[in-house]
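Trainee: For reference, this is model-v7.pdb, and it has PDB, C-alpha atoms.
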```pdb
MODEL        1
ATOM      1  CA  MET A   4      79.359 100.425  95.652
ATOM      2  CA  ALA A   5      78.517 103.043  93.033
ATOM      3  CA  THR A   6      75.202 104.799  93.021
ATOM      4  CA  ALA A   7      73.481 106.074  89.936
ATOM      5  CA  SER A   8      72.144 109.579  89.737
ATOM      6  CA  VAL A   9      68.923 109.727  87.795
ATOM      7  CA  ILE A  10      67.451 112.975  86.609
ATOM      8  CA  HIS A  11      64.021 112.822  85.060
ATOM      9  CA  ARG A  12      63.523 115.021  82.029
ATOM     10  CA  TRP A  13      59.902 116.006  81.663
ATOM     11  CA  SER A  14      58.006 116.095  78.391
ATOM     12  CA  ARG A  15      55.724 118.985  77.619
ATOM     13  CA  GLU A  16      52.725 116.661  77.955
ATOM     14  CA  GLU A  17      53.814 115.512  81.436
ATOM     15  CA  TYR A  18      54.500 119.091  82.478
ATOM     16  CA  GLU A  19      51.072 120.276  81.332
ATOM     17  CA  GLN A  20      49.403 117.389  83.169
ATOM     18  CA  MET A  21      51.274 118.312  86.365
ATOM     19  CA  ALA A  22      50.292 121.969  85.970
ATOM     20  CA  GLU A  23      46.631 121.077  85.441
ATOM     21  CA  ALA A  24      46.742 118.789  88.512
ATOM     22  CA  GLY A  25      48.067 121.688  90.610
ATOM     23  CA  VAL A  26      51.433 120.066  91.351
ATOM     24  CA  PHE A  27      53.193 123.436  91.186
ATOM     25  CA  GLY A  28      50.652 125.265  93.329
ATOM     26  CA  ASP A  29      50.974 129.023  92.960
ATOM     27  CA  ARG A  30      54.649 128.872  91.988
ATOM     28  CA  ARG A  31      55.590 130.401  88.644
ATOM     29  CA  VAL A  32      57.532 127.791  86.697
ATOM     30  CA  GLU A  33      58.408 127.011  83.097
ATOM     31  CA  LEU A  34      59.669 123.957  81.208
ATOM     32  CA  VAL A  35      62.899 124.433  79.263
ATOM     33  CA  GLU A  36      64.538 121.442  77.600
ATOM     34  CA  GLY A  37      62.894 118.945  79.949
ATOM     35  CA  THR A  38      63.745 120.811  83.157
ATOM     36  CA  VAL A  39      61.208 122.668  85.282
ATOM     37  CA  TYR A  40      62.648 126.007  86.398
ATOM     38  CA  ASP A  41      61.304 128.378  89.019
ATOM     39  CA  MET A  42      60.838 131.796  87.470
ATOM     40  CA  THR A  43      62.554 134.644  89.270
ATOM     41  CA  PRO A  44      60.336 137.310  90.847
ATOM     42  CA  GLN A  45      60.062 140.531  88.892
ATOM     43  CA  SER A  46      61.807 143.629  90.155
ATOM     44  CA  ARG A  47      60.082 146.996  89.755
ATOM     45  CA  ARG A  48      62.442 147.850  86.916
ATOM     46  CA  HIS A  49      61.693 144.538  85.147
ATOM     47  CA  ALA A  50      57.951 145.176  85.443
ATOM     48  CA  ALA A  51      58.352 148.730  84.137
ATOM     49  CA  ALA A  52      60.398 147.521  81.142
ATOM     50  CA  LEU A  53      57.800 144.847  80.461
ATOM     51  CA  ARG A  54      55.010 147.430  80.393
ATOM     52  CA  ARG A  55      56.995 149.843  78.225
ATOM     53  CA  THR A  56      58.043 147.129  75.769
ATOM     54  CA  ARG A  57      54.511 145.707  75.578
ATOM     55  CA  ARG A  58      53.146 149.125  74.585
ATOM     56  CA  ALA A  59      55.850 149.521  71.918
ATOM     57  CA  LEU A  60      55.215 146.051  70.473
ATOM     58  CA  GLU A  61      51.462 146.539  70.407
ATOM     59  CA  ALA A  62      52.009 149.675  68.320
ATOM     60  CA  ALA A  63      54.398 147.774  66.021
ATOM     61  CA  CYS A  64      52.402 144.540  65.793
ATOM     62  CA  PRO A  65      51.539 143.504  62.226
ATOM     63  CA  GLU A  66      47.940 142.861  61.239
ATOM     64  CA  GLY A  67      46.848 139.305  61.987
ATOM     65  CA  TRP A  68      49.190 139.019  64.966
ATOM     66  CA  GLU A  69      48.859 139.794  68.676
ATOM     67  CA  VAL A  70      51.178 140.401  71.629
ATOM     68  CA  ASP A  71      51.217 137.687  74.291
ATOM     69  CA  VAL A  72      52.451 138.662  77.752
ATOM     70  CA  GLN A  73      54.108 135.926  79.840
ATOM     71  CA  MET A  74      52.082 133.169  78.206
ATOM     72  CA  PRO A  75      53.208 129.603  77.445
ATOM     73  CA  PHE A  76      54.939 129.137  74.097
ATOM     74  CA  GLY A  77      55.008 125.622  72.598
ATOM     75  CA  ALA A  78      58.645 125.633  71.548
ATOM     76  CA  SER A  79      59.145 121.852  71.395
ATOM     77  CA  GLY A  80      58.161 118.518  72.899
ATOM     78  CA  ASP A  81      60.220 119.247  76.008
ATOM     79  CA  SER A  82      60.016 123.051  76.248
ATOM     80  CA  LEU A  83      57.114 125.260  77.200
ATOM     81  CA  PRO A  84      58.791 128.543  78.169
ATOM     82  CA  GLU A  85      56.860 131.655  79.111
ATOM     83  CA  PRO A  86      58.614 134.527  77.348
ATOM     84  CA  ASP A  87      57.957 137.989  78.678
ATOM     85  CA  LEU A  88      56.484 139.034  75.332
ATOM     86  CA  ALA A  89      55.799 137.294  72.039
ATOM     87  CA  ILE A  90      54.178 138.420  68.817
ATOM     88  CA  VAL A  91      52.091 135.368  67.913
ATOM     89  CA  PRO A  92      49.434 134.683  65.277
ATOM     90  CA  ASP A  93      46.083 136.153  66.274
ATOM     91  CA  ASP A  94      43.579 133.495  67.281
ATOM     92  CA  PRO A  95      39.965 134.520  67.984
ATOM     93  CA  ALA A  96      39.620 131.386  70.171
ATOM     94  CA  GLY A  97      42.525 132.542  72.355
ATOM     95  CA  HIS A  98      44.691 129.536  71.413
ATOM     96  CA  ALA A  99      42.289 127.236  73.278
ATOM     97  CA  ASP A 100      43.364 124.357  71.011
ATOM     98  CA  GLY A 101      47.007 124.674  72.061
ATOM     99  CA  HIS A 102      49.736 127.133  72.875
ATOM    100  CA  PRO A 103      51.263 129.095  69.997
ATOM    101  CA  ARG A 104      54.174 127.253  68.365
ATOM    102  CA  THR A 105      55.396 130.085  66.216
ATOM    103  CA  ALA A 106      56.131 133.749  66.800
ATOM    104  CA  ALA A 107      57.271 136.669  64.692
ATOM    105  CA  LEU A 108      59.271 137.979  67.656
ATOM    106  CA  ILE A 109      60.019 136.856  71.199
ATOM    107  CA  VAL A 110      61.244 139.307  73.835
ATOM    108  CA  GLU A 111      62.802 138.545  77.202
ATOM    109  CA  ILE A 112      63.262 141.328  79.754
ATOM    110  CA  SER A 113      66.576 140.424  81.386
ATOM    111  CA  ASP A 114      68.069 141.611  84.645
ATOM    112  CA  SER A 115      68.847 138.878  87.187
ATOM    113  CA  SER A 116      67.781 136.348  84.521
ATOM    114  CA  LEU A 117      70.249 137.563  81.862
ATOM    115  CA  ARG A 118      72.519 134.507  81.920
ATOM    116  CA  TYR A 119      69.584 132.079  82.034
ATOM    117  CA  ASP A 120      67.859 133.865  79.151
ATOM    118  CA  ARG A 121      71.021 133.802  77.018
ATOM    119  CA  GLU A 122      72.177 130.270  77.813
ATOM    120  CA  GLN A 123      68.925 128.365  78.306
ATOM    121  CA  LYS A 124      66.134 130.150  76.509
ATOM    122  CA  LEU A 125      67.793 131.603  73.395
ATOM    123  CA  PRO A 126      68.791 128.149  72.091
ATOM    124  CA  VAL A 127      65.223 126.904  72.637
ATOM    125  CA  TYR A 128      63.854 129.784  70.574
ATOM    126  CA  ALA A 129      66.511 129.234  67.897
ATOM    127  CA  TRP A 130      65.691 125.502  67.697
ATOM    128  CA  ALA A 131      62.008 126.459  67.385
ATOM    129  CA  GLY A 132      62.909 128.531  64.313
ATOM    130  CA  ILE A 133      61.959 131.898  65.802
ATOM    131  CA  ARG A 134      63.508 134.335  63.320
ATOM    132  CA  GLU A 135      64.081 137.048  65.883
ATOM    133  CA  THR A 136      64.484 137.271  69.656
ATOM    134  CA  TRP A 137      65.232 140.409  71.670
ATOM    135  CA  LEU A 138      66.799 140.569  75.112
ATOM    136  CA  VAL A 139      65.988 143.873  76.776
ATOM    137  CA  ASN A 140      69.180 143.892  78.819
ATOM    138  CA  LEU A 141      68.522 145.926  81.973
ATOM    139  CA  VAL A 142      72.016 145.216  83.299
ATOM    140  CA  GLN A 143      73.715 147.182  80.499
ATOM    141  CA  ASP A 144      70.720 149.264  79.343
ATOM    142  CA  LEU A 145      70.628 147.996  75.783
ATOM    143  CA  VAL A 146      68.657 145.705  73.522
ATOM    144  CA  GLU A 147      70.342 142.588  72.171
ATOM    145  CA  VAL A 148      68.767 141.419  68.920
ATOM    146  CA  TYR A 149      69.264 137.825  67.776
ATOM    147  CA  ARG A 150      68.368 136.757  64.241
ATOM    148  CA  ASP A 151      68.870 134.007  61.691
ATOM    149  CA  PRO A 152      68.577 130.778  63.700
ATOM    150  CA  VAL A 153      70.470 127.733  62.421
ATOM    151  CA  ASP A 154      70.789 124.466  64.374
ATOM    152  CA  GLY A 155      69.838 126.030  67.702
ATOM    153  CA  VAL A 156      72.118 129.047  67.371
ATOM    154  CA  TYR A 157      71.380 132.591  66.263
ATOM    155  CA  ARG A 158      73.972 133.567  63.663
ATOM    156  CA  VAL A 159      73.354 137.316  63.958
ATOM    157  CA  ARG A 160      73.658 139.319  67.183
ATOM    158  CA  LEU A 161      73.132 143.081  67.133
ATOM    159  CA  THR A 162      73.106 145.520  70.027
ATOM    160  CA  PHE A 163      71.219 148.795  70.242
ATOM    161  CA  GLY A 164      71.778 151.469  72.890
ATOM    162  CA  PRO A 165      69.477 154.128  74.358
ATOM    163  CA  GLY A 166      70.121 156.631  71.539
ATOM    164  CA  GLU A 167      69.152 154.161  68.811
ATOM    165  CA  ARG A 168      66.014 152.648  67.319
ATOM    166  CA  VAL A 169      65.326 148.990  66.626
ATOM    167  CA  ALA A 170      62.777 147.560  64.208
ATOM    168  CA  PRO A 171      61.291 144.079  64.293
ATOM    169  CA  LEU A 172      61.789 141.980  61.156
ATOM    170  CA  CYS A 173      58.038 141.400  61.012
ATOM    171  CA  ARG A 174      57.417 145.138  60.598
ATOM    172  CA  PRO A 175      60.636 146.981  59.685
ATOM    173  CA  GLU A 176      58.881 150.312  59.189
ATOM    174  CA  ALA A 177      57.825 150.311  62.868
ATOM    175  CA  ALA A 178      61.147 151.082  64.570
ATOM    176  CA  VAL A 179      60.964 151.744  68.301
ATOM    177  CA  ALA A 180      63.273 153.863  70.423
ATOM    178  CA  VAL A 181      65.429 151.726  72.697
ATOM    179  CA  ALA A 182      65.246 154.464  75.340
ATOM    180  CA  GLY A 183      61.480 153.996  75.348
ATOM    181  CA  LEU A 184      61.884 150.353  76.379
ATOM    182  CA  LEU A 185      64.327 151.032  79.212
ATOM    183  CA  PRO A 186      62.936 152.394  82.470
ATOM    184  CA  PRO A 187      64.979 154.993  84.354
ATOM    185  CA  ARG A 188      67.362 153.743  87.025
TER     186      ARG A 188
ENDMDL
END
```
Could I get this structure in the form of C-alpha cells?

Mentor:
Amino acid sequence: MATASVIHRWSREEYEQMAEAGVFGDRRVELVEGTVYDMTPQSRRHAAALRRTRRALEAACPEGWEVDVQMPFGASGDSLPEPDLAIVPDDPAGHADGHPRTAALIVEISDSSLRYDREQKLPVYAWAGIRETWLVNLVQDLVEVYRDPVDGVYRVRLTFGPGERVAPLCRPEAAVAVAGLLPPR
C-alpha cells in the first residue's frame, strides 16, 4: 500500500493570520515560496555587519525612501521574507496598510545563511522585480551585487572586495566602501 506525502504550502494571507494568532510564539520565522522557515540566530559578526550596513544605507538613501531593518517584505502571494535591510518607499503611516511590495535595494547579511539567501531568497526578490539585491558575504568578506532580474533570475552578478566601493542603482553618486560594511574578524 502506497502512502501519499502531503506538504501544505502556505499563502501569505494564511501565514499572516497564523502570526497574528501567535502560532509561531516568539520564534523568528519567514515565509518564502509557501514554506515557513526558522530564521537562524545572528552571530556577533552578523549583527555588526547589519549595523554597519544600515548606517551606510541610511547615508545613501534617496529622498522619499527609508531603510527598513528586518521587516516583512510583501514579495508575492506566497512569500513574506524579512530581509536584513531594504530601501523601501517612505510611508508616514509606517506601512500600516500593508507591507512594502517594492524596494530600491534589498540587502541580506550572509554568513551561515549564505546558501539559503542565494538559493531561496534571491529568486524571490528577482521574481518580485527588485532591480538590485546585495549579499554582504561574511564567509568570503565581499559584497555580491545582483541586478537586472528576468524571470526569477538576476542576469548580472558583480563582486566587490574590501578595497572597493559599491554604489546602489537608486543613488549611484553615493558609493560606500565595502570595508566599511564588513566587521573585523

Trainee: When distances are computed from all atoms listed in the file, which of A:Ala59, A:Val169, A:Leu138, A:Ala78 shows the smallest separation from Tyr119 in chain A?

Mentor: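 Of A:Ala59, A:Val169, A:Leu138, A:Ala78, the one nearest Tyr119 in chain A, counting all atoms listed in the file, is A:Leu138.
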
Trainee: To test the calculation: enclose all listed atoms of range 138-149 of chain A in a box whose edges run along x, y and z, add 8 Å on each side, then state centre and edge lengths in Å to one decimal, as lines of an AutoDock Vina configuration file.

Mentor:
```
center_x = 69.9
center_y = 143.5
center_z = 75.5
size_x = 23.7
size_y = 27.4
size_z = 31.5
```

Trainee: Distance table requested - range 29-84 of chain A against range 13-24 of chain A, cut-off 6 Å, only C-alpha atoms: one row per qualifying residue with the closest atom pair and its distance in Å to one decimal, ordered by chain and rising residue number, as a tab-separated table.

Mentor:
```
residue	atom	partner	partner_atom	distance
A:Gly37	CA	A:Trp13	CA	4.5
A:Gly80	CA	A:Arg15	CA	5.3
A:Asp81	CA	A:Ser14	CA	4.5
```

Trainee: Show me as a compact mmCIF listing (two decimals) with C-alpha atoms, keeping the file's coordinate frame the residues that reach within 9 Å of (55.3, 126.2, 83.9), counting all atoms listed in the file and using the file's own coordinates.

Mentor:
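Once written, result_13.txt looks like this:
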```
# COMPACT_ATOMS: atom_id res chain seq x y z
CA TYR A 18 54.50 119.09 82.48
CA GLU A 19 51.07 120.28 81.33
CA ALA A 22 50.29 121.97 85.97
CA PHE A 27 53.19 123.44 91.19
CA ARG A 30 54.65 128.87 91.99
CA ARG A 31 55.59 130.40 88.64
CA VAL A 32 57.53 127.79 86.70
CA GLU A 33 58.41 127.01 83.10
CA LEU A 34 59.67 123.96 81.21
CA VAL A 39 61.21 122.67 85.28
CA TYR A 40 62.65 126.01 86.40
CA ASP A 41 61.30 128.38 89.02
CA MET A 42 60.84 131.80 87.47
CA PRO A 75 53.21 129.60 77.44
CA LEU A 83 57.11 125.26 77.20
CA PRO A 84 58.79 128.54 78.17
CA GLU A 85 56.86 131.66 79.11
```

Trainee: Nearest residue to Tyr149 in chain A out of A:Pro175, A:Gly67, A:Pro187, A:Gly132, using only C-alpha atoms?

Mentor: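 That would be A:Gly132, the residue with the smallest distance to Tyr149 in chain A.
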
Trainee: Considering only C-alpha atoms, state which residue in the set A:Pro103, A:Pro171, A:Gly25, A:Gly164 is at the smallest distance from Ala63 in chain A.

Mentor: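 Using only C-alpha atoms, the shortest distance to Ala63 in chain A belongs to A:Pro171.
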
Trainee: What would the selection look like, as a ChimeraX atom specification, if the PyMOL selection byres ((chain A and resi 136) around 7) were run on the coordinates I just shared?

Mentor: /A:108-110,135,137-138,148-150

Trainee: Run the PyMOL selection byres ((chain A and resi 181) around 7) against the file shown and list the residues it catches, as an NGL selection string.

Mentor: :A and (146 or 163-169 or 179-180 or 182-185)

Trainee: Translate the PyMOL selection byres ((chain A and resi 65) around 12), as applied to the file shown, into an explicit residue set as number ranges by chain.

Mentor: A: 60-64, 66-70, 90-93, 106-108, 171-177

Trainee: Would you mind telling me which residue in A:Val156, A:Leu141, A:Ala50, A:Ala89 lies nearest to Gln123 in chain A when using all atoms listed in the file?

Mentor: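 Nearest to Gln123 in chain A: A:Val156.
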
Trainee: CA of Val26 in chain A and CA of Pro86 in chain A are how many Å apart?

Mentor: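 The value is 21.4 Å.
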
Trainee: Go through A:Val127, A:Leu161, A:Ala51, A:Val153 one by one, measure the shortest atom-to-atom distance of each to Val35 in chain A using only C-alpha atoms, and give the residue with the smallest value.

Mentor: A:Val127

Trainee: Just to confirm, what's the straight-line distance from CA of Asp100 in chain A to CA of Asp154 in chain A in Å (one decimal)?

Mentor: 28.2 Å
